[in-house]
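Have a look at start-v3.tsv below; it lists TSV, C-alpha atoms.
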```
chain	number	residue	atom	x	y	z
A	237	MET	CA	88.62	112.66	81.42
A	238	VAL	CA	97.77	113.22	91.29
A	239	SER	CA	98.86	111.38	93.33
A	240	PRO	CA	102.38	110.13	92.65
A	241	MET	CA	102.81	106.44	92.02
A	242	ARG	CA	104.85	104.73	94.69
A	243	LEU	CA	106.42	101.32	94.24
A	244	LEU	CA	108.80	99.83	96.75
A	245	GLY	CA	111.99	99.36	94.77
A	246	ILE	CA	114.11	101.03	92.17
A	247	ILE	CA	113.19	98.86	89.21
A	248	PRO	CA	110.69	100.25	86.67
A	249	LEU	CA	107.06	99.23	86.88
A	250	VAL	CA	107.34	97.43	83.60
A	251	THR	CA	109.91	94.90	84.72
A	252	ILE	CA	107.22	93.52	87.02
A	253	LEU	CA	105.91	90.34	85.50
A	254	HIS	CA	103.34	89.03	87.92
A	255	LEU	CA	101.51	90.12	91.07
A	256	ILE	CA	101.78	87.62	93.94
A	257	GLY	CA	102.30	87.15	97.62
A	258	SER	CA	103.33	89.91	99.95
A	259	SER	CA	102.30	93.52	99.44
A	260	TRP	CA	103.43	97.00	98.63
A	261	ALA	CA	101.42	100.10	99.45
A	262	VAL	CA	100.20	102.68	96.95
A	263	PRO	CA	98.20	105.88	97.49
A	264	TRP	CA	94.57	105.08	96.64
A	265	GLU	CA	91.88	107.71	96.78
A	266	GLN	CA	88.74	105.97	98.02
A	267	ASP	CA	86.57	109.11	97.85
A	268	SER	CA	86.84	112.88	98.06
A	269	ALA	CA	86.84	112.83	101.86
A	270	HIS	CA	89.85	110.69	102.59
A	271	GLN	CA	92.65	108.55	101.24
A	272	ASP	CA	93.23	104.99	102.26
A	273	GLN	CA	96.30	102.84	101.86
A	274	THR	CA	95.37	99.89	99.67
A	275	GLN	CA	97.51	96.82	99.57
A	276	ALA	CA	98.73	95.57	96.21
A	277	LYS	CA	100.88	92.56	95.56
A	278	THR	CA	104.56	92.32	94.80
A	279	LEU	CA	105.92	90.95	91.61
A	280	GLU	CA	107.24	87.54	90.79
A	281	GLY	CA	110.98	87.51	90.13
A	282	SER	CA	111.48	91.08	91.35
A	283	GLN	CA	114.10	92.21	93.84
A	284	LEU	CA	112.17	94.96	95.59
A	285	THR	CA	115.02	96.76	97.35
A	286	GLY	CA	116.27	100.32	97.59
A	287	SER	CA	114.45	103.62	97.85
A	288	ASN	CA	110.84	104.24	96.83
A	289	LEU	CA	110.07	105.16	93.25
A	290	THR	CA	108.02	108.29	93.83
A	291	ALA	CA	107.80	109.96	90.40
A	292	PRO	CA	105.51	109.00	87.50
A	293	LEU	CA	107.11	107.83	84.28
A	294	PRO	CA	107.98	110.66	81.87
A	295	ALA	CA	105.68	111.30	78.91
A	296	ARG	CA	107.61	112.66	75.93
A	297	ILE	CA	106.00	114.50	73.02
A	298	VAL	CA	106.09	112.77	69.64
A	299	TYR	CA	103.98	115.44	67.95
A	300	ASP	CA	102.01	118.46	69.16
A	301	PHE	CA	99.05	119.20	66.87
A	302	PRO	CA	97.70	122.73	66.26
A	303	GLN	CA	95.51	124.34	68.90
A	304	GLY	CA	91.93	123.11	68.87
A	305	THR	CA	92.81	119.64	67.55
A	306	TRP	CA	91.39	116.73	69.56
A	307	ILE	CA	93.27	113.50	68.79
A	308	GLU	CA	91.04	110.61	69.82
A	309	ASN	CA	92.52	107.19	69.12
A	310	ILE	CA	95.55	105.33	67.86
A	311	ALA	CA	96.66	102.15	66.13
A	312	VAL	CA	100.14	101.10	65.05
A	313	ARG	CA	101.14	99.70	61.68
A	314	GLN	CA	103.47	96.73	61.48
A	315	ASN	CA	106.15	99.03	60.07
A	316	GLY	CA	105.94	101.07	63.29
A	317	GLN	CA	104.14	104.12	61.92
A	318	LEU	CA	101.31	105.46	64.08
A	319	VAL	CA	97.77	105.94	62.74
A	320	VAL	CA	95.65	108.40	64.73
A	321	THR	CA	92.09	109.68	64.47
A	322	GLU	CA	90.70	113.16	65.06
A	323	ILE	CA	87.38	114.21	66.58
A	324	THR	CA	87.50	117.94	65.76
A	325	LYS	CA	87.68	117.10	62.05
A	326	PRO	CA	86.88	113.77	60.40
A	327	ARG	CA	90.52	112.89	59.72
A	328	VAL	CA	93.00	110.05	60.00
A	329	TYR	CA	96.75	110.78	60.05
A	330	GLN	CA	99.99	108.87	59.94
A	331	VAL	CA	102.53	110.00	62.55
A	332	ASP	CA	106.20	109.03	62.58
A	333	PRO	CA	107.01	107.73	66.09
A	334	SER	CA	110.48	109.28	65.86
A	335	GLY	CA	108.83	112.71	65.87
A	336	SER	CA	110.51	113.67	62.61
A	337	GLY	CA	108.41	115.62	60.14
A	338	LYS	CA	104.75	116.54	60.26
A	339	PRO	CA	101.86	114.06	60.33
A	340	VAL	CA	100.62	112.91	56.94
A	341	LEU	CA	96.90	113.25	56.29
A	342	ILE	CA	95.72	109.81	55.19
A	343	HIS	CA	92.11	110.81	54.57
A	344	GLU	CA	89.42	113.34	55.45
A	345	PHE	CA	85.95	111.77	55.43
A	346	GLN	CA	83.41	113.82	53.53
A	347	GLY	CA	79.96	113.98	55.13
A	348	GLU	CA	81.26	113.00	58.59
A	349	LYS	CA	82.01	115.17	61.62
A	350	SER	CA	84.38	113.02	63.70
A	351	ILE	CA	86.47	109.85	63.54
A	352	LEU	CA	86.78	107.92	66.80
A	353	GLY	CA	87.85	104.30	67.30
A	354	ILE	CA	90.36	102.50	65.09
A	355	THR	CA	91.52	98.88	64.84
A	356	GLU	CA	93.58	96.76	62.44
A	357	GLY	CA	91.78	93.91	60.67
A	358	ALA	CA	94.60	92.53	58.54
A	359	LYS	CA	98.10	93.80	57.84
A	360	ASP	CA	97.72	97.50	56.97
A	361	VAL	CA	93.93	97.21	56.72
A	362	PHE	CA	92.22	99.31	59.38
A	363	TYR	CA	88.65	100.04	60.38
A	364	VAL	CA	87.40	103.26	61.95
A	365	ALA	CA	84.17	104.42	63.55
A	366	SER	CA	82.63	107.77	62.66
A	367	GLY	CA	80.12	109.94	64.47
A	368	ASP	CA	78.48	113.35	64.45
A	369	PHE	CA	80.21	114.48	67.65
A	370	ILE	CA	79.56	117.97	69.00
A	371	LEU	CA	82.28	118.92	71.46
A	372	LYS	CA	80.24	121.72	72.99
A	373	GLY	CA	78.33	119.79	75.63
A	374	PHE	CA	79.81	116.50	74.39
A	375	GLN	CA	76.79	115.57	72.32
A	376	ILE	CA	76.53	112.91	69.65
A	377	LEU	CA	73.85	113.15	66.98
A	378	GLY	CA	72.56	110.34	64.84
A	379	PRO	CA	73.99	106.92	63.98
A	380	GLY	CA	77.64	106.19	63.36
A	381	SER	CA	79.34	104.38	60.50
A	382	ILE	CA	82.22	101.96	60.00
A	383	TYR	CA	84.83	102.62	57.30
A	384	LYS	CA	87.65	100.51	55.92
A	385	VAL	CA	91.02	102.27	55.57
A	386	ASP	CA	93.31	100.18	53.35
A	387	LEU	CA	96.95	101.28	53.63
A	388	ARG	CA	98.53	98.45	51.65
A	389	GLN	CA	99.26	100.79	48.74
A	390	PHE	CA	99.53	103.93	50.84
A	391	SER	CA	102.45	106.28	50.23
A	392	PRO	CA	102.99	109.44	52.31
A	393	ASN	CA	104.20	111.15	49.14
A	394	LYS	CA	101.18	110.24	47.05
A	395	LYS	CA	97.88	111.99	47.71
A	396	ASP	CA	94.78	109.78	48.04
A	397	SER	CA	96.86	106.60	47.91
A	398	ALA	CA	94.90	105.07	50.79
A	399	LYS	CA	91.86	103.12	49.66
A	400	ILE	CA	88.77	104.15	51.64
A	401	SER	CA	85.43	102.36	51.57
A	402	LYS	CA	82.32	102.49	53.71
A	403	VAL	CA	81.39	99.20	55.38
A	404	THR	CA	78.01	100.26	56.77
A	405	THR	CA	76.04	102.77	58.77
A	406	VAL	CA	74.94	101.18	62.02
A	407	LYS	CA	71.47	102.69	61.90
A	408	GLN	CA	70.45	101.71	65.43
A	409	SER	CA	73.61	103.14	66.99
A	410	LYS	CA	73.73	106.29	69.10
A	411	PHE	CA	77.46	106.83	69.66
A	412	LEU	CA	79.95	104.45	68.04
A	413	ASN	CA	83.30	104.63	69.79
A	414	GLY	CA	85.83	101.85	70.40
A	415	VAL	CA	86.26	99.08	67.82
A	416	ALA	CA	88.12	95.74	67.78
A	417	PHE	CA	88.52	93.10	65.09
A	418	LEU	CA	87.94	89.48	66.09
A	419	GLY	CA	90.87	88.24	64.01
A	420	GLY	CA	91.73	84.80	62.71
A	421	LYS	CA	89.39	83.74	59.92
A	422	SER	CA	86.62	85.95	61.25
A	423	ASN	CA	85.17	88.83	59.27
A	424	LEU	CA	83.53	90.34	62.34
A	425	LEU	CA	84.30	93.68	63.89
A	426	LEU	CA	83.09	94.59	67.38
A	427	ALA	CA	81.93	98.18	67.88
A	428	ALA	CA	81.07	99.81	71.20
A	429	ASP	CA	78.07	102.12	71.44
A	430	SER	CA	78.92	104.39	74.37
A	431	ALA	CA	75.46	105.97	74.62
A	432	ALA	CA	73.36	102.82	74.22
A	433	GLY	CA	75.64	100.62	76.34
A	434	ILE	CA	75.84	97.91	73.67
A	435	ILE	CA	78.58	96.16	71.71
A	436	TYR	CA	77.63	95.33	68.11
A	437	SER	CA	79.17	92.79	65.78
A	438	VAL	CA	79.61	94.07	62.23
A	439	ASN	CA	80.34	91.81	59.26
A	440	VAL	CA	82.92	93.85	57.35
A	441	ASP	CA	82.16	92.00	54.11
A	442	ASN	CA	78.44	92.75	53.89
A	443	GLY	CA	77.74	95.23	56.70
A	444	ASP	CA	75.35	92.94	58.56
A	445	THR	CA	75.08	94.17	62.16
A	446	GLN	CA	73.91	92.32	65.26
A	447	VAL	CA	73.88	93.02	68.98
A	448	ALA	CA	76.76	90.92	70.34
A	449	ILE	CA	76.79	91.94	74.02
A	450	ASN	CA	74.15	93.77	76.04
A	451	ASN	CA	74.91	93.86	79.75
A	452	SER	CA	74.48	96.32	82.60
A	453	LEU	CA	78.28	96.63	82.87
A	454	LEU	CA	78.23	98.36	79.47
A	455	GLN	CA	75.61	100.94	80.38
A	456	PRO	CA	76.25	104.69	80.72
A	457	PHE	CA	76.42	106.13	84.20
A	458	GLY	CA	76.97	109.52	85.80
A	459	PRO	CA	77.40	112.99	84.34
A	460	THR	CA	79.53	111.90	81.37
A	461	GLY	CA	76.63	109.99	79.83
A	462	THR	CA	79.22	107.56	78.54
A	463	GLY	CA	79.23	103.81	79.00
A	464	VAL	CA	81.39	101.25	77.25
A	465	ASN	CA	84.24	103.05	75.51
A	466	GLY	CA	87.51	101.40	74.48
A	467	ILE	CA	87.48	97.68	73.68
A	468	LYS	CA	90.37	95.28	73.07
A	469	LEU	CA	90.83	91.55	72.50
A	470	TYR	CA	93.29	89.41	74.45
A	471	ASN	CA	93.32	85.73	73.46
A	472	ASN	CA	89.68	84.66	73.88
A	473	PHE	CA	88.75	87.55	76.15
A	474	LEU	CA	87.21	90.90	75.39
A	475	TYR	CA	88.40	93.73	77.63
A	476	PHE	CA	86.35	96.91	77.82
A	477	ALA	CA	86.45	100.23	79.62
A	478	ASN	CA	83.33	101.94	80.92
A	479	THR	CA	83.98	105.64	81.40
A	480	GLY	CA	80.85	106.49	83.40
A	481	GLN	CA	81.03	103.43	85.66
A	482	GLN	CA	84.80	103.94	86.07
A	483	THR	CA	85.59	100.30	85.36
A	484	VAL	CA	87.80	98.00	83.33
A	485	VAL	CA	86.12	94.63	82.72
A	486	LYS	CA	86.95	91.42	80.89
A	487	VAL	CA	84.72	88.64	79.59
A	488	PRO	CA	85.37	85.49	77.53
A	489	ILE	CA	83.75	85.56	74.10
A	490	ASN	CA	82.91	83.07	71.36
A	491	GLY	CA	83.54	83.27	67.61
A	492	LYS	CA	80.55	85.56	67.16
A	493	GLY	CA	81.84	88.07	69.69
A	494	GLU	CA	79.20	87.08	72.22
A	495	ALA	CA	79.90	86.67	75.93
A	496	SER	CA	80.58	83.02	76.72
A	497	GLY	CA	81.29	83.26	80.45
A	498	ASP	CA	81.31	85.48	83.49
A	499	PHE	CA	82.16	89.18	83.47
A	500	THR	CA	85.12	90.09	85.71
A	501	THR	CA	85.63	93.66	86.90
A	502	LEU	CA	89.39	94.19	87.10
A	503	SER	CA	89.28	97.69	88.55
A	504	LYS	CA	86.64	100.21	89.60
A	505	GLY	CA	86.67	103.79	90.84
A	506	GLY	CA	89.56	105.56	92.51
A	507	ILE	CA	91.63	107.41	89.91
A	508	LEU	CA	90.05	105.40	87.09
A	509	GLN	CA	87.87	107.10	84.47
A	510	PRO	CA	89.02	105.10	81.46
A	511	ASP	CA	88.73	105.99	77.81
A	512	ASP	CA	90.70	103.65	75.55
A	513	PHE	CA	93.62	101.45	76.63
A	514	ALA	CA	96.41	99.10	75.61
A	515	LEU	CA	97.33	95.60	76.81
A	516	ASP	CA	100.76	94.16	77.44
A	517	ALA	CA	101.78	90.59	76.65
A	518	GLN	CA	100.80	89.45	80.17
A	519	GLY	CA	97.29	90.93	79.99
A	520	ASP	CA	97.90	94.00	82.14
A	521	VAL	CA	95.99	97.15	81.19
A	522	TYR	CA	97.37	100.64	80.41
A	523	ALA	CA	94.36	102.95	80.34
A	524	ALA	CA	93.99	106.56	79.29
A	525	THR	CA	92.20	107.93	82.33
A	526	GLY	CA	90.58	111.35	82.39
A	527	LEU	CA	89.47	111.87	85.98
A	528	THR	CA	89.96	115.51	86.96
A	529	ASN	CA	93.34	116.08	88.64
A	530	GLN	CA	94.27	112.43	87.97
A	531	GLU	CA	94.62	112.54	84.18
A	532	GLY	CA	97.18	110.36	82.50
A	533	LEU	CA	98.07	106.72	81.96
A	534	ALA	CA	96.82	104.23	84.56
A	535	PHE	CA	98.09	100.70	85.16
A	536	VAL	CA	95.59	97.94	86.05
A	537	PRO	CA	97.07	94.52	86.95
A	538	ARG	CA	95.67	91.53	85.10
A	539	GLU	CA	94.57	89.87	88.36
A	540	GLY	CA	92.57	92.99	89.19
A	541	GLY	CA	93.12	95.70	91.76
A	542	PRO	CA	93.35	99.46	92.17
A	543	ALA	CA	94.45	101.47	89.15
A	544	ILE	CA	97.79	103.23	89.60
A	545	ARG	CA	98.60	106.45	87.78
A	546	ILE	CA	101.97	105.87	86.14
A	547	ALA	CA	102.22	108.95	83.87
A	548	GLY	CA	100.55	112.33	83.64
A	549	ALA	CA	98.92	113.85	80.55
A	550	ALA	CA	96.19	116.41	79.87
A	551	GLY	CA	93.11	114.95	78.21
A	552	PRO	CA	94.30	111.37	77.52
A	553	THR	CA	92.13	109.54	74.99
A	554	GLY	CA	93.80	106.42	73.55
A	555	ALA	CA	96.78	104.12	73.97
A	556	ALA	CA	98.73	101.58	71.93
A	557	PHE	CA	102.04	99.76	72.22
A	558	GLY	CA	104.76	100.15	69.62
A	559	ARG	CA	105.37	97.18	67.32
A	560	THR	CA	109.04	97.33	66.36
A	561	LYS	CA	112.02	96.04	68.32
A	562	GLU	CA	112.91	99.65	69.14
A	563	ASP	CA	109.58	100.59	70.70
A	564	ARG	CA	107.62	97.48	71.60
A	565	ASP	CA	108.02	98.48	75.26
A	566	VAL	CA	106.61	101.96	74.63
A	567	VAL	CA	103.00	103.05	75.10
A	568	TYR	CA	101.90	105.79	72.71
A	569	LEU	CA	99.21	107.98	74.24
A	570	THR	CA	96.88	110.30	72.33
A	571	THR	CA	95.32	113.35	73.96
A	572	SER	CA	92.78	116.12	73.44
A	573	GLY	CA	94.99	118.56	75.33
A	574	GLY	CA	92.26	118.92	77.97
A	575	GLY	CA	88.61	118.15	77.30
A	576	ASN	CA	87.14	121.00	79.35
A	577	ALA	CA	88.88	123.57	77.17
A	578	TYR	CA	86.56	122.64	74.29
A	579	GLN	CA	83.54	123.67	76.40
A	580	ALA	CA	84.68	127.24	76.96
A	581	ASP	CA	83.53	130.20	74.90
A	582	GLY	CA	86.05	131.53	72.41
A	583	PRO	CA	88.93	129.82	70.66
A	584	VAL	CA	90.38	126.59	72.06
A	585	THR	CA	93.92	127.22	73.24
A	586	VAL	CA	94.97	123.64	73.99
A	587	SER	CA	96.23	121.09	71.48
A	588	GLY	CA	96.03	117.35	71.15
A	589	LYS	CA	99.27	115.42	71.21
A	590	VAL	CA	100.85	112.05	70.64
A	591	LEU	CA	103.03	111.13	73.61
A	592	LYS	CA	105.40	108.24	74.24
A	593	ILE	CA	105.90	106.55	77.60
A	594	ASN	CA	108.54	103.87	78.04
A	595	VAL	CA	106.96	101.30	80.35
A	596	ASP	CA	109.64	98.63	79.80
A	597	ARG	CA	107.07	95.91	79.16
A	598	ILE	CA	106.24	94.27	75.86
A	599	GLY	CA	102.88	94.97	74.23
A	600	TYR	CA	100.39	92.24	73.37
A	601	SER	CA	100.33	91.17	69.74
A	602	ARG	CA	97.61	88.99	68.23
```

Output the file's structure as structure tokens, nothing else.
Amino acid sequence: MVSPMRLLGIIPLVTILHLIGSSWAVPWEQDSAHQDQTQAKTLEGSQLTGSNLTAPLPARIVYDFPQGTWIENIAVRQNGQLVVTEITKPRVYQVDPSGSGKPVLIHEFQGEKSILGITEGAKDVFYVASGDFILKGFQILGPGSIYKVDLRQFSPNKKDSAKISKVTTVKQSKFLNGVAFLGGKSNLLLAADSAAGIIYSVNVDNGDTQVAINNSLLQPFGPTGTGVNGIKLYNNFLYFANTGQQTVVKVPINGKGEASGDFTTLSKGGILQPDDFALDAQGDVYAATGLTNQEGLAFVPREGGPAIRIAGAAGPTGAAFGRTKEDRDVVYLTTSGGGNAYQADGPVTVSGKVLKINVDRIGYSR
């Protein structure tokens, strides 16, 4: 918000399908005083032979935004185009994953300061969370709102062709952040409140809002003042990241978005300071992690265990898998360019980016 990844073998991380049995060693920083070798498990069906893989996966630039632009989150349309949100201005863009051309401004939200989380509700129908986010000191003022961004008639060549409507202002909220749509026949959206440590359910048809999950694992902790952040659904489980507690957690939920079983902490501490994240088809986690000197993309195995830094990036904020046959094994990572730069006096000289990292594993699709 670097230690090199080491896997025994020459095959990419993403060909690993399951963690079992005997172990391989990775560098794992237990605290600032020392490092300890932590055992992780080898992968089913893998031939772990040859020299050690010592270098992180390369992160290639899809688009580099102007200086002082903080790109916060990302979703992917079924046609493969990327949809990203901005904190420094209340904007949503479409970005071509090929890197050709400039991003297309989908909409700038009048009366808002920042756009944060984004999720798809139906094909080409997205929902975003807004907030009055002050980068200086990382302060959030007042309640956030949920907006519907309908791209079914959107054309990059036609101004204002996206249909924008406000779902509701969540009056009791302090800092709306990650969002996830329940899917199926549900009309419920889940929205994380990073300051209150609560996940709300929002009826996108009438705006009715209820507290869905309130648990100590969602609460803010530490100097960031941030609790639950990114949230994602995988089958009947809700996965969430807690930035302050440095955790990735999963919990089964019911049709109302409420917890229906035990909370399981998949990873805690070490290099992990997660923001948003993506899930592959097996339920493994790829988290944007912002811990100082460990920034980048972190891998958390679905069975749980230490997070492993698999790619480096300055100020990582969000992650999503591609959805076409050409890029469904690619994680797209959004960045701020480096969060601390926005605290300094004078002009911000870093820029947010969209990066692509080929992890050679297929993303989860609901």

Separating atom CA of Asn472 of chain A from atom CA of Asp498 of chain A, to the nearest tenth of an Å, is a gap of 12.8 Å

Segment 483-489 of chain A: which residues within 9 Å, counting only C-alpha atoms, same-chain residues fewer than 5 positions away excluded, as a PyMOL selection string? chain A and resi 453+471-478+494-505+508-510+521+523+536

Work out how far apart atom CA of Tyr383 of chain A and atom CA of Ser336 of chain A are and give it in Å to one decimal.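 A separation of 28.5 Å between them.
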
Please, which residues in segment 310-347 of chain A fall within 8 Å of segment 358-366 of chain A when counting all atoms listed in the file, and what is the closest atom pair and distance in Å to one decimal for each, ordered by chain then residue number, as a Markdown table?
```
| residue | atom | partner | partner_atom | distance |
| --- | --- | --- | --- | --- |
| A:Arg313 | CA | A:Asp360 | CA | 6.2 |
| A:Gln314 | CA | A:Lys359 | CA | 7.1 |
| A:Pro326 | CA | A:Ser366 | CA | 7.7 |
```

What does the file look like for those residues with C-alpha atoms, as a PDB file, keeping the file's coordinate frame?
```
ATOM      1  CA  ARG A 313     101.140  99.700  61.680  1.00  0.00           C
ATOM      2  CA  GLN A 314     103.470  96.730  61.480  1.00  0.00           C
ATOM      3  CA  PRO A 326      86.880 113.770  60.400  1.00  0.00           C
TER       4      PRO A 326
END
```

Atom CA of Glu308 of chain A sits from atom CA of Asn490 of chain A at a separation of 28.8 Å

I'd like a table as JSON lines: residues in segment 284-328 of chain A with an atom no more than 8 Å from segment 543-549 of chain A, each row giving the shortest atom pair and its distance in Å to one decimal, all atoms listed in the file counted, sorted by chain and rising residue number.
```
{"residue": "A:Pro292", "atom": "CA", "partner": "A:Ala547", "partner_atom": "CA", "distance": 4.9}
{"residue": "A:Leu293", "atom": "CA", "partner": "A:Ala547", "partner_atom": "CA", "distance": 5.0}
{"residue": "A:Pro294", "atom": "CA", "partner": "A:Ala547", "partner_atom": "CA", "distance": 6.3}
{"residue": "A:Ala295", "atom": "CA", "partner": "A:Ala547", "partner_atom": "CA", "distance": 6.5}
```

Fewer than 3 positions away in the same chain doesn't count, so skip those; otherwise give me all residues within 9 Å of Arg559 of chain A, counting all atoms listed in the file, as an mmCIF file with C-alpha atoms, keeping the file's coordinate frame.
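Result file is result24.cif:
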```cif
data_model
loop_
_atom_site.group_PDB
_atom_site.id
_atom_site.type_symbol
_atom_site.label_atom_id
_atom_site.label_comp_id
_atom_site.auth_asym_id
_atom_site.auth_seq_id
_atom_site.Cartn_x
_atom_site.Cartn_y
_atom_site.Cartn_z
ATOM 1 C CA VAL A 312 100.140 101.100 65.050
ATOM 2 C CA ARG A 313 101.140 99.700 61.680
ATOM 3 C CA GLN A 314 103.470 96.730 61.480
ATOM 4 C CA ASN A 315 106.150 99.030 60.070
ATOM 5 C CA GLY A 316 105.940 101.070 63.290
ATOM 6 C CA GLN A 317 104.140 104.120 61.920
ATOM 7 C CA GLU A 562 112.910 99.650 69.140
ATOM 8 C CA ASP A 563 109.580 100.590 70.700
ATOM 9 C CA ARG A 564 107.620 97.480 71.600
ATOM 10 C CA ASP A 565 108.020 98.480 75.260
ATOM 11 C CA VAL A 566 106.610 101.960 74.630
ATOM 12 C CA GLY A 599 102.880 94.970 74.230
ATOM 13 C CA SER A 601 100.330 91.170 69.740
#
```

Test item: residues at most 8 Å from segment 461-466 of chain A, all atoms listed in the file, excluding those fewer than 4 positions along its chain, as a list in words: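 Neighbouring residues, sequence-local ones excluded: Gly353, Asn413, Gly414, Val415, Ala428, Asp429, Ser430, Ala431, Ala432, Gly433, Ile434, Leu453, Leu454, Gln455, Pro456, Phe457, Phe476, Ala477, Asn478, Thr479, Gly480, Gln481, Pro510, Asp511, Asp512 and Phe513 of chain A.
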
Residue neighbourhood segment 394-403 of chain A, 12 Å, all atoms listed in the file, exclusion window fewer than 2 positions, as a VMD selection string: chain A and resid 328 to 330 340 to 348 360 to 366 380 to 392 405 to 406 423 to 425 438 to 445
